[in-house]
$ cat my_file.pdb   # PDB, C-alpha atoms and all ligand atoms
ATOM      1  CA  MET A   1     -29.296 -36.115  34.064
ATOM      2  CA  SER A   2     -30.056 -37.156  37.620
ATOM      3  CA  GLY A   3     -32.853 -36.818  40.134
ATOM      4  CA  GLY A   4     -36.489 -37.590  39.449
ATOM      5  CA  PRO A   5     -39.789 -35.758  39.588
ATOM      6  CA  VAL A   6     -40.549 -34.247  42.964
ATOM      7  CA  ALA A   7     -43.915 -34.907  44.563
ATOM      8  CA  ILE A   8     -45.791 -31.667  45.172
ATOM      9  CA  SER A   9     -46.953 -32.807  48.605
ATOM     10  CA  GLN A  10     -43.371 -33.400  49.664
ATOM     11  CA  ILE A  11     -42.418 -29.909  48.571
ATOM     12  CA  ALA A  12     -45.272 -28.444  50.585
ATOM     13  CA  GLU A  13     -44.105 -30.268  53.701
ATOM     14  CA  ASP A  14     -40.580 -29.006  53.243
ATOM     15  CA  ARG A  15     -41.559 -25.353  53.078
ATOM     16  CA  PHE A  16     -40.014 -22.981  55.545
ATOM     17  CA  THR A  17     -39.533 -19.305  55.932
ATOM     18  CA  LEU A  18     -36.327 -17.425  55.337
ATOM     19  CA  GLU A  19     -36.003 -16.930  59.092
ATOM     20  CA  GLN A  20     -36.341 -20.665  59.731
ATOM     21  CA  PHE A  21     -33.854 -21.303  56.953
ATOM     22  CA  ARG A  22     -31.358 -18.993  58.581
ATOM     23  CA  SER A  23     -31.725 -20.385  62.045
ATOM     24  CA  THR A  24     -31.735 -24.075  61.151
ATOM     25  CA  SER A  25     -28.923 -23.687  58.646
ATOM     26  CA  LEU A  26     -26.728 -21.706  60.947
ATOM     27  CA  ALA A  27     -27.481 -23.779  64.006
ATOM     28  CA  HIS A  28     -26.444 -26.949  62.248
ATOM     29  CA  LYS A  29     -23.649 -25.377  60.235
ATOM     30  CA  ARG A  30     -25.012 -26.778  56.992
ATOM     31  CA  ILE A  31     -24.725 -23.421  55.296
ATOM     32  CA  HIS A  32     -21.721 -21.188  55.542
ATOM     33  CA  PRO A  33     -22.643 -18.215  57.770
ATOM     34  CA  ALA A  34     -21.415 -15.805  55.098
ATOM     35  CA  HIS A  35     -23.886 -17.311  52.671
ATOM     36  CA  VAL A  36     -26.792 -16.884  55.041
ATOM     37  CA  GLU A  37     -25.592 -13.429  56.009
ATOM     38  CA  ASN A  38     -26.010 -12.466  52.391
ATOM     39  CA  MET A  39     -29.575 -13.758  52.173
ATOM     40  CA  ARG A  40     -30.933 -10.493  53.419
ATOM     41  CA  GLN A  41     -34.301  -9.016  52.820
ATOM     42  CA  PRO A  42     -34.342  -5.699  50.927
ATOM     43  CA  GLU A  43     -35.004  -3.679  54.078
ATOM     44  CA  GLU A  44     -31.735  -4.989  55.505
ATOM     45  CA  ASP A  45     -29.674  -3.669  52.599
ATOM     46  CA  THR A  46     -27.107  -1.000  53.118
ATOM     47  CA  HIS A  47     -27.636   2.403  51.550
ATOM     48  CA  GLY A  48     -24.922   1.732  48.943
ATOM     49  CA  GLU A  49     -26.482  -1.562  47.894
ATOM     50  CA  ARG A  50     -29.903   0.029  47.535
ATOM     51  CA  GLN A  51     -28.395   2.723  45.362
ATOM     52  CA  THR A  52     -26.569   0.234  43.111
ATOM     53  CA  ARG A  53     -29.766  -1.740  42.760
ATOM     54  CA  ARG A  54     -31.773   1.344  41.863
ATOM     55  CA  MET A  55     -29.234   2.298  39.205
ATOM     56  CA  LYS A  56     -29.482  -1.154  37.686
ATOM     57  CA  GLN A  57     -33.252  -0.960  37.748
ATOM     58  CA  GLU A  58     -33.130   2.357  35.910
ATOM     59  CA  TYR A  59     -30.944   0.755  33.268
ATOM     60  CA  TRP A  60     -33.586  -1.911  32.587
ATOM     61  CA  LEU A  61     -36.539   0.441  32.762
ATOM     62  CA  GLU A  62     -34.840   2.706  30.227
ATOM     63  CA  SER A  63     -34.032  -0.262  28.009
ATOM     64  CA  TRP A  64     -37.747  -1.002  27.772
ATOM     65  CA  GLU A  65     -38.714   2.629  27.253
ATOM     66  CA  GLN A  66     -36.110   3.065  24.520
ATOM     67  CA  GLU A  67     -36.853  -0.339  22.983
ATOM     68  CA  ARG A  68     -33.316  -1.657  23.558
ATOM     69  CA  THR A  69     -34.592  -5.202  23.937
ATOM     70  CA  GLY A  70     -32.293  -7.271  21.743
ATOM     71  CA  PHE A  71     -32.549 -10.057  24.338
ATOM     72  CA  HIS A  72     -36.200 -10.659  23.500
ATOM     73  CA  GLN A  73     -36.903 -13.705  21.346
ATOM     74  CA  ASP A  74     -39.887 -13.704  19.049
ATOM     75  CA  ARG A  75     -40.454 -17.422  19.524
ATOM     76  CA  THR A  76     -40.328 -19.984  22.309
ATOM     77  CA  ASN A  77     -36.779 -20.685  23.425
ATOM     78  CA  LYS A  78     -35.745 -23.959  21.811
ATOM     79  CA  ARG A  79     -33.779 -25.159  24.846
ATOM     80  CA  LEU A  80     -36.876 -24.694  26.981
ATOM     81  CA  ALA A  81     -38.999 -26.762  24.593
ATOM     82  CA  GLU A  82     -36.306 -29.448  24.387
ATOM     83  CA  PHE A  83     -35.263 -29.773  28.016
ATOM     84  CA  TRP A  84     -38.233 -28.725  30.124
ATOM     85  CA  PRO A  85     -40.178 -31.991  29.674
ATOM     86  CA  GLY A  86     -37.150 -33.882  31.069
ATOM     87  CA  LEU A  87     -37.499 -32.093  34.417
ATOM     88  CA  GLY A  88     -40.540 -34.270  35.066
ATOM     89  CA  LEU A  89     -42.583 -31.550  36.709
ATOM     90  CA  GLU A  90     -46.239 -32.506  37.026
ATOM     91  CA  GLN A  91     -48.831 -30.562  35.080
ATOM     92  CA  GLY A  92     -50.610 -28.077  37.307
ATOM     93  CA  ALA A  93     -47.413 -27.322  39.225
ATOM     94  CA  GLU A  94     -46.506 -23.655  39.547
ATOM     95  CA  VAL A  95     -43.419 -22.399  37.724
ATOM     96  CA  PHE A  96     -41.603 -19.225  38.726
ATOM     97  CA  VAL A  97     -40.037 -17.107  35.991
ATOM     98  CA  PRO A  98     -37.794 -14.417  37.487
ATOM     99  CA  LEU A  99     -37.006 -11.342  35.359
ATOM    100  CA  ALA A 100     -39.550 -12.435  32.796
ATOM    101  CA  GLY A 101     -39.469  -9.542  30.319
ATOM    102  CA  LYS A 102     -42.182 -10.151  27.741
ATOM    103  CA  SER A 103     -40.905 -13.639  27.060
ATOM    104  CA  LEU A 104     -43.082 -15.966  25.000
ATOM    105  CA  ASP A 105     -41.719 -18.735  27.208
ATOM    106  CA  LEU A 106     -44.287 -17.675  29.821
ATOM    107  CA  LEU A 107     -47.049 -18.613  27.402
ATOM    108  CA  TRP A 108     -45.385 -21.832  26.332
ATOM    109  CA  LEU A 109     -45.127 -22.996  29.939
ATOM    110  CA  GLN A 110     -48.750 -22.101  30.611
ATOM    111  CA  GLN A 111     -49.806 -23.953  27.462
ATOM    112  CA  GLN A 112     -48.003 -27.070  28.717
ATOM    113  CA  GLY A 113     -50.431 -27.128  31.627
ATOM    114  CA  TYR A 114     -48.401 -25.317  34.287
ATOM    115  CA  ARG A 115     -49.415 -22.419  36.445
ATOM    116  CA  VAL A 116     -46.904 -19.696  35.737
ATOM    117  CA  PHE A 117     -45.753 -16.859  37.960
ATOM    118  CA  GLY A 118     -43.502 -14.309  36.294
ATOM    119  CA  VAL A 119     -41.948 -11.253  37.922
ATOM    120  CA  GLU A 120     -40.780  -8.328  35.862
ATOM    121  CA  LEU A 121     -39.693  -4.832  36.815
ATOM    122  CA  SER A 122     -40.997  -3.022  33.764
ATOM    123  CA  LEU A 123     -44.685  -2.247  33.432
ATOM    124  CA  THR A 124     -44.019  -1.460  29.749
ATOM    125  CA  ALA A 125     -42.728  -5.001  29.218
ATOM    126  CA  VAL A 126     -45.670  -6.641  30.949
ATOM    127  CA  GLU A 127     -48.245  -4.500  29.171
ATOM    128  CA  ALA A 128     -46.540  -5.349  25.873
ATOM    129  CA  PHE A 129     -46.590  -9.065  26.691
ATOM    130  CA  PHE A 130     -50.340  -9.122  27.292
ATOM    131  CA  ALA A 131     -51.195  -6.768  24.409
ATOM    132  CA  GLU A 132     -48.957  -8.289  21.742
ATOM    133  CA  ASN A 133     -50.100 -11.809  22.508
ATOM    134  CA  HIS A 134     -53.759 -10.836  22.907
ATOM    135  CA  VAL A 135     -53.855 -12.454  26.322
ATOM    136  CA  GLU A 136     -57.071 -11.894  28.264
ATOM    137  CA  HIS A 137     -56.246 -10.575  31.716
ATOM    138  CA  VAL A 138     -57.165  -8.436  34.691
ATOM    139  CA  ARG A 139     -54.885  -6.165  36.718
ATOM    140  CA  ILE A 140     -54.888  -6.522  40.485
ATOM    141  CA  ASP A 141     -53.063  -4.340  42.993
ATOM    142  CA  VAL A 142     -51.056  -6.566  45.306
ATOM    143  CA  GLU A 143     -48.505  -6.051  48.062
ATOM    144  CA  HIS A 144     -45.428  -5.666  45.858
ATOM    145  CA  GLY A 145     -46.968  -3.967  42.842
ATOM    146  CA  VAL A 146     -49.539  -4.741  40.207
ATOM    147  CA  GLU A 147     -50.251  -8.267  39.086
ATOM    148  CA  PHE A 148     -51.576  -9.165  35.640
ATOM    149  CA  ARG A 149     -53.683 -12.321  35.855
ATOM    150  CA  GLY A 150     -54.493 -14.237  32.688
ATOM    151  CA  GLY A 151     -58.049 -15.346  32.032
ATOM    152  CA  GLY A 152     -59.765 -17.620  29.502
ATOM    153  CA  ALA A 153     -57.150 -19.642  27.612
ATOM    154  CA  ALA A 154     -54.450 -18.005  29.755
ATOM    155  CA  GLU A 155     -55.921 -19.060  33.093
ATOM    156  CA  GLY A 156     -53.115 -19.857  35.523
ATOM    157  CA  LEU A 157     -50.675 -17.313  34.125
ATOM    158  CA  ARG A 158     -49.798 -14.276  36.215
ATOM    159  CA  VAL A 159     -47.070 -11.705  35.918
ATOM    160  CA  LEU A 160     -46.209  -9.427  38.791
ATOM    161  CA  VAL A 161     -44.734  -6.027  37.989
ATOM    162  CA  ALA A 162     -42.281  -5.694  40.850
ATOM    163  CA  ASP A 163     -38.677  -5.909  41.946
ATOM    164  CA  PHE A 164     -37.545  -9.539  42.172
ATOM    165  CA  PHE A 165     -35.535  -8.600  45.280
ATOM    166  CA  ALA A 166     -38.697  -7.483  47.080
ATOM    167  CA  LEU A 167     -40.182 -11.005  46.933
ATOM    168  CA  THR A 168     -40.039 -13.209  50.008
ATOM    169  CA  PRO A 169     -40.362 -16.989  50.374
ATOM    170  CA  ALA A 170     -43.967 -16.443  51.480
ATOM    171  CA  ASP A 171     -44.732 -15.070  48.011
ATOM    172  CA  LEU A 172     -43.606 -18.303  46.397
ATOM    173  CA  LEU A 173     -45.243 -20.875  48.604
ATOM    174  CA  GLY A 174     -46.991 -22.523  45.652
ATOM    175  CA  VAL A 175     -43.955 -22.830  43.436
ATOM    176  CA  ALA A 176     -42.467 -26.191  42.428
ATOM    177  CA  GLY A 177     -40.386 -25.191  39.420
ATOM    178  CA  PHE A 178     -38.480 -22.275  37.930
ATOM    179  CA  TYR A 179     -37.042 -21.172  34.643
ATOM    180  CA  ASP A 180     -34.121 -18.780  34.175
ATOM    181  CA  ARG A 181     -33.313 -17.627  30.667
ATOM    182  CA  ALA A 182     -31.345 -14.382  30.376
ATOM    183  CA  SER A 183     -31.922 -13.575  34.053
ATOM    184  CA  LEU A 184     -28.734 -14.695  35.838
ATOM    185  CA  ILE A 185     -26.729 -13.568  32.816
ATOM    186  CA  ALA A 186     -28.472 -10.174  32.949
ATOM    187  CA  MET A 187     -26.846  -9.496  36.332
ATOM    188  CA  ASN A 188     -23.510  -7.679  36.450
ATOM    189  CA  ASP A 189     -20.653  -8.523  38.831
ATOM    190  CA  ASP A 190     -22.169  -6.435  41.661
ATOM    191  CA  MET A 191     -25.587  -8.052  41.495
ATOM    192  CA  ARG A 192     -24.953 -11.641  40.435
ATOM    193  CA  ALA A 193     -24.387 -13.150  43.867
ATOM    194  CA  ASP A 194     -27.357 -11.200  45.292
ATOM    195  CA  TYR A 195     -29.506 -12.655  42.548
ATOM    196  CA  THR A 196     -28.485 -16.275  43.132
ATOM    197  CA  ARG A 197     -28.740 -15.967  46.929
ATOM    198  CA  HIS A 198     -32.167 -14.484  46.619
ATOM    199  CA  LEU A 199     -33.282 -17.147  44.163
ATOM    200  CA  ALA A 200     -32.053 -19.813  46.581
ATOM    201  CA  ALA A 201     -33.889 -18.138  49.451
ATOM    202  CA  LEU A 202     -37.114 -18.033  47.458
ATOM    203  CA  MET A 203     -37.107 -21.560  46.079
ATOM    204  CA  PRO A 204     -38.623 -24.226  48.300
ATOM    205  CA  PRO A 205     -36.600 -27.407  48.822
ATOM    206  CA  GLY A 206     -37.183 -29.831  45.971
ATOM    207  CA  ALA A 207     -38.086 -27.124  43.452
ATOM    208  CA  VAL A 208     -36.593 -27.982  40.074
ATOM    209  CA  GLY A 209     -35.567 -25.524  37.424
ATOM    210  CA  LEU A 210     -33.962 -25.026  34.078
ATOM    211  CA  LEU A 211     -31.080 -22.546  33.903
ATOM    212  CA  LEU A 212     -29.665 -21.304  30.610
ATOM    213  CA  THR A 213     -26.346 -19.442  30.675
ATOM    214  CA  ILE A 214     -23.640 -18.375  28.268
ATOM    215  CA  GLU A 215     -19.873 -18.127  28.471
ATOM    216  CA  TYR A 216     -17.692 -15.976  26.251
ATOM    217  CA  ASP A 217     -14.411 -14.111  26.299
ATOM    218  CA  ALA A 218     -15.326 -11.193  28.566
ATOM    219  CA  ALA A 219     -12.307  -9.209  27.305
ATOM    220  CA  ARG A 220     -14.050  -8.976  23.931
ATOM    221  CA  MET A 221     -17.521  -7.907  24.954
ATOM    222  CA  LYS A 222     -19.145  -5.890  27.702
ATOM    223  CA  GLY A 223     -22.435  -7.301  28.977
ATOM    224  CA  PRO A 224     -25.299  -7.625  29.402
ATOM    225  CA  PRO A 225     -25.595 -10.443  28.677
ATOM    226  CA  PHE A 226     -22.694 -11.317  30.963
ATOM    227  CA  SER A 227     -20.464 -14.341  30.679
ATOM    228  CA  VAL A 228     -21.107 -16.929  33.395
ATOM    229  CA  PRO A 229     -18.546 -19.732  33.021
ATOM    230  CA  ASP A 230     -19.469 -23.122  34.407
ATOM    231  CA  ALA A 231     -17.150 -22.732  37.427
ATOM    232  CA  LEU A 232     -18.764 -19.408  38.343
ATOM    233  CA  ALA A 233     -22.281 -20.832  37.990
ATOM    234  CA  ARG A 234     -21.302 -23.654  40.339
ATOM    235  CA  GLU A 235     -19.698 -21.270  42.817
ATOM    236  CA  LEU A 236     -22.857 -19.154  42.879
ATOM    237  CA  LEU A 237     -25.443 -21.906  42.949
ATOM    238  CA  GLY A 238     -23.737 -25.154  43.895
ATOM    239  CA  GLU A 239     -24.256 -24.776  47.629
ATOM    240  CA  ALA A 240     -28.016 -24.366  47.486
ATOM    241  CA  PHE A 241     -28.823 -26.410  44.403
ATOM    242  CA  GLN A 242     -27.924 -29.735  42.963
ATOM    243  CA  MET A 243     -26.632 -28.780  39.528
ATOM    244  CA  ASP A 244     -26.746 -31.132  36.587
ATOM    245  CA  GLU A 245     -25.369 -29.953  33.298
ATOM    246  CA  LEU A 246     -27.767 -31.239  30.662
ATOM    247  CA  GLU A 247     -25.968 -29.929  27.610
ATOM    248  CA  ARG A 248     -23.425 -27.438  26.379
ATOM    249  CA  TYR A 249     -23.072 -26.078  22.882
ATOM    250  CA  SER A 250     -20.061 -24.170  21.553
ATOM    251  CA  GLY A 251     -19.167 -22.388  18.366
ATOM    252  CA  ALA A 252     -19.764 -19.362  16.205
ATOM    253  CA  LYS A 253     -23.215 -20.680  15.250
ATOM    254  CA  ARG A 254     -24.375 -19.911  18.797
ATOM    255  CA  LEU A 255     -23.641 -16.194  18.601
ATOM    256  CA  GLY A 256     -26.985 -15.101  17.193
ATOM    257  CA  ASN A 257     -27.370 -11.321  17.567
ATOM    258  CA  LEU A 258     -24.117 -11.133  19.588
ATOM    259  CA  LYS A 259     -21.977 -11.719  16.504
ATOM    260  CA  ASP A 260     -21.750  -7.967  15.881
ATOM    261  CA  ARG A 261     -20.386  -7.294  19.354
ATOM    262  CA  GLY A 262     -16.847  -8.548  18.917
ATOM    263  CA  LEU A 263     -17.254 -12.219  19.758
ATOM    264  CA  ASP A 264     -16.242 -15.055  17.482
ATOM    265  CA  THR A 265     -17.555 -17.902  19.602
ATOM    266  CA  LEU A 266     -19.804 -18.633  22.542
ATOM    267  CA  THR A 267     -20.721 -21.544  24.771
ATOM    268  CA  GLU A 268     -24.296 -22.091  25.904
ATOM    269  CA  TYR A 269     -25.020 -24.189  29.001
ATOM    270  CA  VAL A 270     -28.232 -25.881  29.977
ATOM    271  CA  TYR A 271     -28.535 -26.932  33.634
ATOM    272  CA  ARG A 272     -31.118 -28.670  35.674
ATOM    273  CA  LEU A 273     -31.163 -27.221  39.192
ATOM    274  CA  THR A 274     -32.807 -28.829  42.186
ATOM    275  CA  ARG A 275     -33.152 -26.808  45.392
ATOM    276  CA  LEU A 276     -31.460 -28.832  48.088
ATOM    277  CA  PRO A 277     -33.246 -29.414  51.353
ATOM    278  CA  CYS A 278     -31.912 -27.708  54.414
ATOM    279  CA  MET A 279     -30.801 -30.688  56.471
ATOM    280  CA  VAL A 280     -31.687 -30.428  60.140
ATOM    281  CA  GLN A 281     -29.540 -32.843  62.037
ATOM    282  CA  PRO A 282     -30.754 -34.512  65.240
TER     283      PRO A 282
HETATM  284  C1  LIG B 301     -32.189  -9.751  29.686
HETATM  285  S1  LIG B 301     -33.862  -9.479  30.068
HETATM  286  C2  LIG B 301     -34.502 -11.140  29.986
HETATM  287  C3  LIG B 301     -35.990 -11.204  29.950
HETATM  288  C4  LIG B 301     -36.554 -12.612  29.775
HETATM  289  N1  LIG B 301     -36.067 -13.531  30.792
HETATM  290  C5  LIG B 301     -36.281 -13.147  28.396
HETATM  291  O1  LIG B 301     -35.771 -14.248  28.282
HETATM  292  O2  LIG B 301     -36.636 -12.462  27.422
HETATM  293  C6  LIG B 301     -33.802  -9.141  31.820
HETATM  294  C7  LIG B 301     -35.114  -8.643  32.351
HETATM  295  O3  LIG B 301     -35.039  -8.507  33.755
HETATM  296  C8  LIG B 301     -35.785  -7.394  34.162
HETATM  297  N2  LIG B 301     -35.271  -7.019  35.479
HETATM  298  C9  LIG B 301     -34.055  -6.508  35.772
HETATM  299  N3  LIG B 301     -33.910  -6.344  37.100
HETATM  300  C10 LIG B 301     -35.060  -6.766  37.665
HETATM  301  C11 LIG B 301     -35.534  -6.828  39.006
HETATM  302  N4  LIG B 301     -34.750  -6.443  40.027
HETATM  303  N5  LIG B 301     -36.760  -7.327  39.226
HETATM  304  C12 LIG B 301     -37.543  -7.741  38.195
HETATM  305  N6  LIG B 301     -37.162  -7.698  36.910
HETATM  306  C13 LIG B 301     -35.935  -7.203  36.636
HETATM  307  C14 LIG B 301     -35.540  -6.382  33.059
HETATM  308  O4  LIG B 301     -36.517  -5.366  33.005
HETATM  309  C15 LIG B 301     -35.552  -7.292  31.820
HETATM  310  O5  LIG B 301     -36.838  -7.389  31.284
END
$ encode --input "my_file.pdb" --output "structure tokens" --more "lines below"
Ligand SMILES: C[S@@+](CC[C@H](N)C(=O)[O-])C[C@H]1O[C@@H](n2cnc3c(N)ncnc32)[C@H](O)[C@@H]1O
Amino acid sequence: MSGGPVAISQIAEDRFTLEQFRSTSLAHKRIHPAHVENMRQPEEDTHGERQTRRMKQEYWLESWEQERTGFHQDRTNKRLAEFWPGLGLEQGAEVFVPLAGKSLDLLWLQQQGYRVFGVELSLTAVEAFFAENHVEHVRIDVEHGVEFRGGGAAEGLRVLVADFFALTPADLLGVAGFYDRASLIAMNDDMRADYTRHLAALMPPGAVGLLLTIEYDAARMKGPPFSVPDALARELLGEAFQMDELERYSGAKRLGNLKDRGLDTLTEYVYRLTRLPCMVQP
């Protein structure tokens, strides 16, 4: 593992907008123009891309309505509990959880003393999260949708019901950390690069995160969850993030509820990601 805790004040100083990111990065050729080209806001999407995205959204909304939620874990993810403390993120820091579902990991993070900001497309999922866990909350209408804000013991926890791709860097100004479990691997081939580019655009320099992925023989199973081999993860994220592999686990024992879907083995990866600063050269 490399890299140490990041001071919150330093992160705040490093903040910049997507527009600034584009101009400084391009001007100084630190980021490949194609990469920046792809960091578009939703309103810049082509018609075809919007349509693909809507179809994918319908898939997830239906999954929640029809209770096809085999990805949900009824306990805190054990890799989160094991590896999160090693990120060294200060208590009180805000942690972003993209594509949050009704994950109990949101609660675990909040109970460790972090402010937590989840985004999830499905209102059904978010309502279920707050109801099933008896979490005191209020609902507030905000720019991108409706936000559920925890109260009492859940103070500091909020989950926005919205499209992740509608968020802008301005929505994440307070964020110092992030956690991706079953989010990148939920994205199919068409969406995966959009997801990682958008995550990179949203995360302020210095933000640290935990990424959990899986790799399997894609000829034997159709996702989601999709296989994201280490080389692909690095291709997608390595330009914008420092990537440190913290652990990998292989074997049939890792299959869990995927063992009935034609696989006989699986590799799980645990990465620490650190959003790289956008270097502006003199
Ligand atoms: C495989 S689930 C993982 C949920 C959660 N991370 C977990 O560990 O249980 C993927 C989630 O992403 C949500 N989702 C898919 N596309 C999204 C989008 N564009 N914006 C926000 N949420 C989205 C789905 O509704 C679903 O709850």
$ residues_around --input "my_file.pdb" --residues "His137 in chain A" --least-positions-apart "4" --cutoff "9 Å" --atoms "only C-alpha atoms" --output "list in words"
Phe130, Phe148, Arg149, Gly150, Gly151, Gly152, Ala154, Glu155 and Arg158 of chain A
$ closest_atom_pairs --input "my_file.pdb" --of "chain A" --to "ligand LIG 301 (chain B)" --cutoff "7 Å" --atoms "all atoms listed in the file" --output "JSON lines"
{"residue": "A:Lys56", "atom": "CA", "partner": "B:LIG301", "partner_atom": "N3", "distance": 6.8}
{"residue": "A:Gln57", "atom": "CA", "partner": "B:LIG301", "partner_atom": "N3", "distance": 5.5}
{"residue": "A:Trp60", "atom": "CA", "partner": "B:LIG301", "partner_atom": "O4", "distance": 4.6}
{"residue": "A:Leu61", "atom": "CA", "partner": "B:LIG301", "partner_atom": "O4", "distance": 5.8}
{"residue": "A:Trp64", "atom": "CA", "partner": "B:LIG301", "partner_atom": "O4", "distance": 6.9}
{"residue": "A:Phe71", "atom": "CA", "partner": "B:LIG301", "partner_atom": "C1", "distance": 5.4}
{"residue": "A:His72", "atom": "CA", "partner": "B:LIG301", "partner_atom": "O2", "distance": 4.3}
{"residue": "A:Gln73", "atom": "CA", "partner": "B:LIG301", "partner_atom": "O2", "distance": 6.2}
{"residue": "A:Pro98", "atom": "CA", "partner": "B:LIG301", "partner_atom": "C12", "distance": 6.7}
{"residue": "A:Leu99", "atom": "CA", "partner": "B:LIG301", "partner_atom": "O3", "distance": 3.8}
{"residue": "A:Ala100", "atom": "CA", "partner": "B:LIG301", "partner_atom": "N1", "distance": 4.2}
{"residue": "A:Gly101", "atom": "CA", "partner": "B:LIG301", "partner_atom": "O5", "distance": 3.5}
{"residue": "A:Lys102", "atom": "CA", "partner": "B:LIG301", "partner_atom": "O2", "distance": 6.0}
{"residue": "A:Ser103", "atom": "CA", "partner": "B:LIG301", "partner_atom": "O2", "distance": 4.4}
{"residue": "A:Val119", "atom": "CA", "partner": "B:LIG301", "partner_atom": "C12", "distance": 5.6}
{"residue": "A:Glu120", "atom": "CA", "partner": "B:LIG301", "partner_atom": "N6", "distance": 3.8}
{"residue": "A:Leu121", "atom": "CA", "partner": "B:LIG301", "partner_atom": "N6", "distance": 3.8}
{"residue": "A:Ser122", "atom": "CA", "partner": "B:LIG301", "partner_atom": "O4", "distance": 5.1}
{"residue": "A:Ala125", "atom": "CA", "partner": "B:LIG301", "partner_atom": "O5", "distance": 6.7}
{"residue": "A:Ala162", "atom": "CA", "partner": "B:LIG301", "partner_atom": "C12", "distance": 5.8}
{"residue": "A:Asp163", "atom": "CA", "partner": "B:LIG301", "partner_atom": "N5", "distance": 3.6}
{"residue": "A:Phe164", "atom": "CA", "partner": "B:LIG301", "partner_atom": "N5", "distance": 3.8}
{"residue": "A:Phe165", "atom": "CA", "partner": "B:LIG301", "partner_atom": "N4", "distance": 5.7}
{"residue": "A:Asp180", "atom": "CA", "partner": "B:LIG301", "partner_atom": "N1", "distance": 6.5}
{"residue": "A:Arg181", "atom": "CA", "partner": "B:LIG301", "partner_atom": "O1", "distance": 4.8}
{"residue": "A:Ala182", "atom": "CA", "partner": "B:LIG301", "partner_atom": "C2", "distance": 4.5}
{"residue": "A:Ser183", "atom": "CA", "partner": "B:LIG301", "partner_atom": "N1", "distance": 5.3}
{"residue": "A:Ala186", "atom": "CA", "partner": "B:LIG301", "partner_atom": "C1", "distance": 5.0}
{"residue": "A:Pro225", "atom": "CA", "partner": "B:LIG301", "partner_atom": "C1", "distance": 6.7}
$ resolve_selection --input "my_file.pdb" --expression "the PyMOL selection byres (((chain A and resi 218) around 12) and not hetatm)" --output "PyMOL selection string"
chain A and resi 188-189+214-217+219-229+261-266
$ residues_around --input "my_file.pdb" --residues "Met191 in chain A" --least-positions-apart "3" --cutoff "10 Å" --atoms "only C-alpha atoms" --output "number ranges by chain"
A: 49, 52-53, 56, 184, 186-188, 194-196
$ write_last_selection --input "my_file.pdb" --atoms "C-alpha atoms" --output "compact mmCIF listing (two decimals), in the coordinates of the input"
# COMPACT_ATOMS: atom_id res chain seq x y z
CA GLU A 49 -26.48 -1.56 47.89
CA THR A 52 -26.57 0.23 43.11
CA ARG A 53 -29.77 -1.74 42.76
CA LYS A 56 -29.48 -1.15 37.69
CA LEU A 184 -28.73 -14.70 35.84
CA ALA A 186 -28.47 -10.17 32.95
CA MET A 187 -26.85 -9.50 36.33
CA ASN A 188 -23.51 -7.68 36.45
CA ASP A 194 -27.36 -11.20 45.29
CA TYR A 195 -29.51 -12.66 42.55
CA THR A 196 -28.48 -16.27 43.13
$ closest_residue --input "my_file.pdb" --among "A:Tyr249, A:Phe241, A:Phe96, A:Trp108" --to "Ala176 in chain A" --atoms "only C-alpha atoms"
A:Phe96
$ atom_distance --input "my_file.pdb" --atom1 "CA of Glu247 in chain A" --atom2 "CA of Glu268 in chain A"
8.2 Å
$ closest_residue --input "my_file.pdb" --among "A:Phe129, A:Phe178, A:Trp84, A:Tyr269" --to "Ala231 in chain A" --atoms "all atoms listed in the file"
A:Tyr269
$ closest_residue --input "my_file.pdb" --among "A:Arg275, A:His198, A:His134, A:Arg248" --to "Arg79 in chain A" --atoms "all atoms listed in the file"
A:Arg248
$ resolve_selection --input "my_file.pdb" --expression "the PyMOL selection byres (((chain A and resi 109) around 10) and not hetatm)" --output "NGL selection string"
:A and (76 or 80-81 or 84 or 91 or 94-95 or 97 or 104-108 or 110-116 or 157 or 179)
$ write_last_selection --input "my_file.pdb" --atoms "C-alpha atoms" --output "mmCIF file, in the frame of the given file"
data_model
loop_
_atom_site.group_PDB
_atom_site.id
_atom_site.type_symbol
_atom_site.label_atom_id
_atom_site.label_comp_id
_atom_site.auth_asym_id
_atom_site.auth_seq_id
_atom_site.Cartn_x
_atom_site.Cartn_y
_atom_site.Cartn_z
ATOM 1 C CA THR A 76 -40.328 -19.984 22.309
ATOM 2 C CA LEU A 80 -36.876 -24.694 26.981
ATOM 3 C CA ALA A 81 -38.999 -26.762 24.593
ATOM 4 C CA TRP A 84 -38.233 -28.725 30.124
ATOM 5 C CA GLN A 91 -48.831 -30.562 35.080
ATOM 6 C CA GLU A 94 -46.506 -23.655 39.547
ATOM 7 C CA VAL A 95 -43.419 -22.399 37.724
ATOM 8 C CA VAL A 97 -40.037 -17.107 35.991
ATOM 9 C CA LEU A 104 -43.082 -15.966 25.000
ATOM 10 C CA ASP A 105 -41.719 -18.735 27.208
ATOM 11 C CA LEU A 106 -44.287 -17.675 29.821
ATOM 12 C CA LEU A 107 -47.049 -18.613 27.402
ATOM 13 C CA TRP A 108 -45.385 -21.832 26.332
ATOM 14 C CA GLN A 110 -48.750 -22.101 30.611
ATOM 15 C CA GLN A 111 -49.806 -23.953 27.462
ATOM 16 C CA GLN A 112 -48.003 -27.070 28.717
ATOM 17 C CA GLY A 113 -50.431 -27.128 31.627
ATOM 18 C CA TYR A 114 -48.401 -25.317 34.287
ATOM 19 C CA ARG A 115 -49.415 -22.419 36.445
ATOM 20 C CA VAL A 116 -46.904 -19.696 35.737
ATOM 21 C CA LEU A 157 -50.675 -17.313 34.125
ATOM 22 C CA TYR A 179 -37.042 -21.172 34.643
#
$ closest_residue --input "my_file.pdb" --among "A:Leu276, A:Ile185, A:Ile140, A:Val159" --to "Glu127 in chain A" --atoms "all atoms listed in the file"
A:Val159
$ closest_residue --input "my_file.pdb" --among "A:Ala193, A:Ala252, A:Leu273, A:Leu236" --to "Leu210 in chain A" --atoms "all atoms listed in the file"
A:Leu273
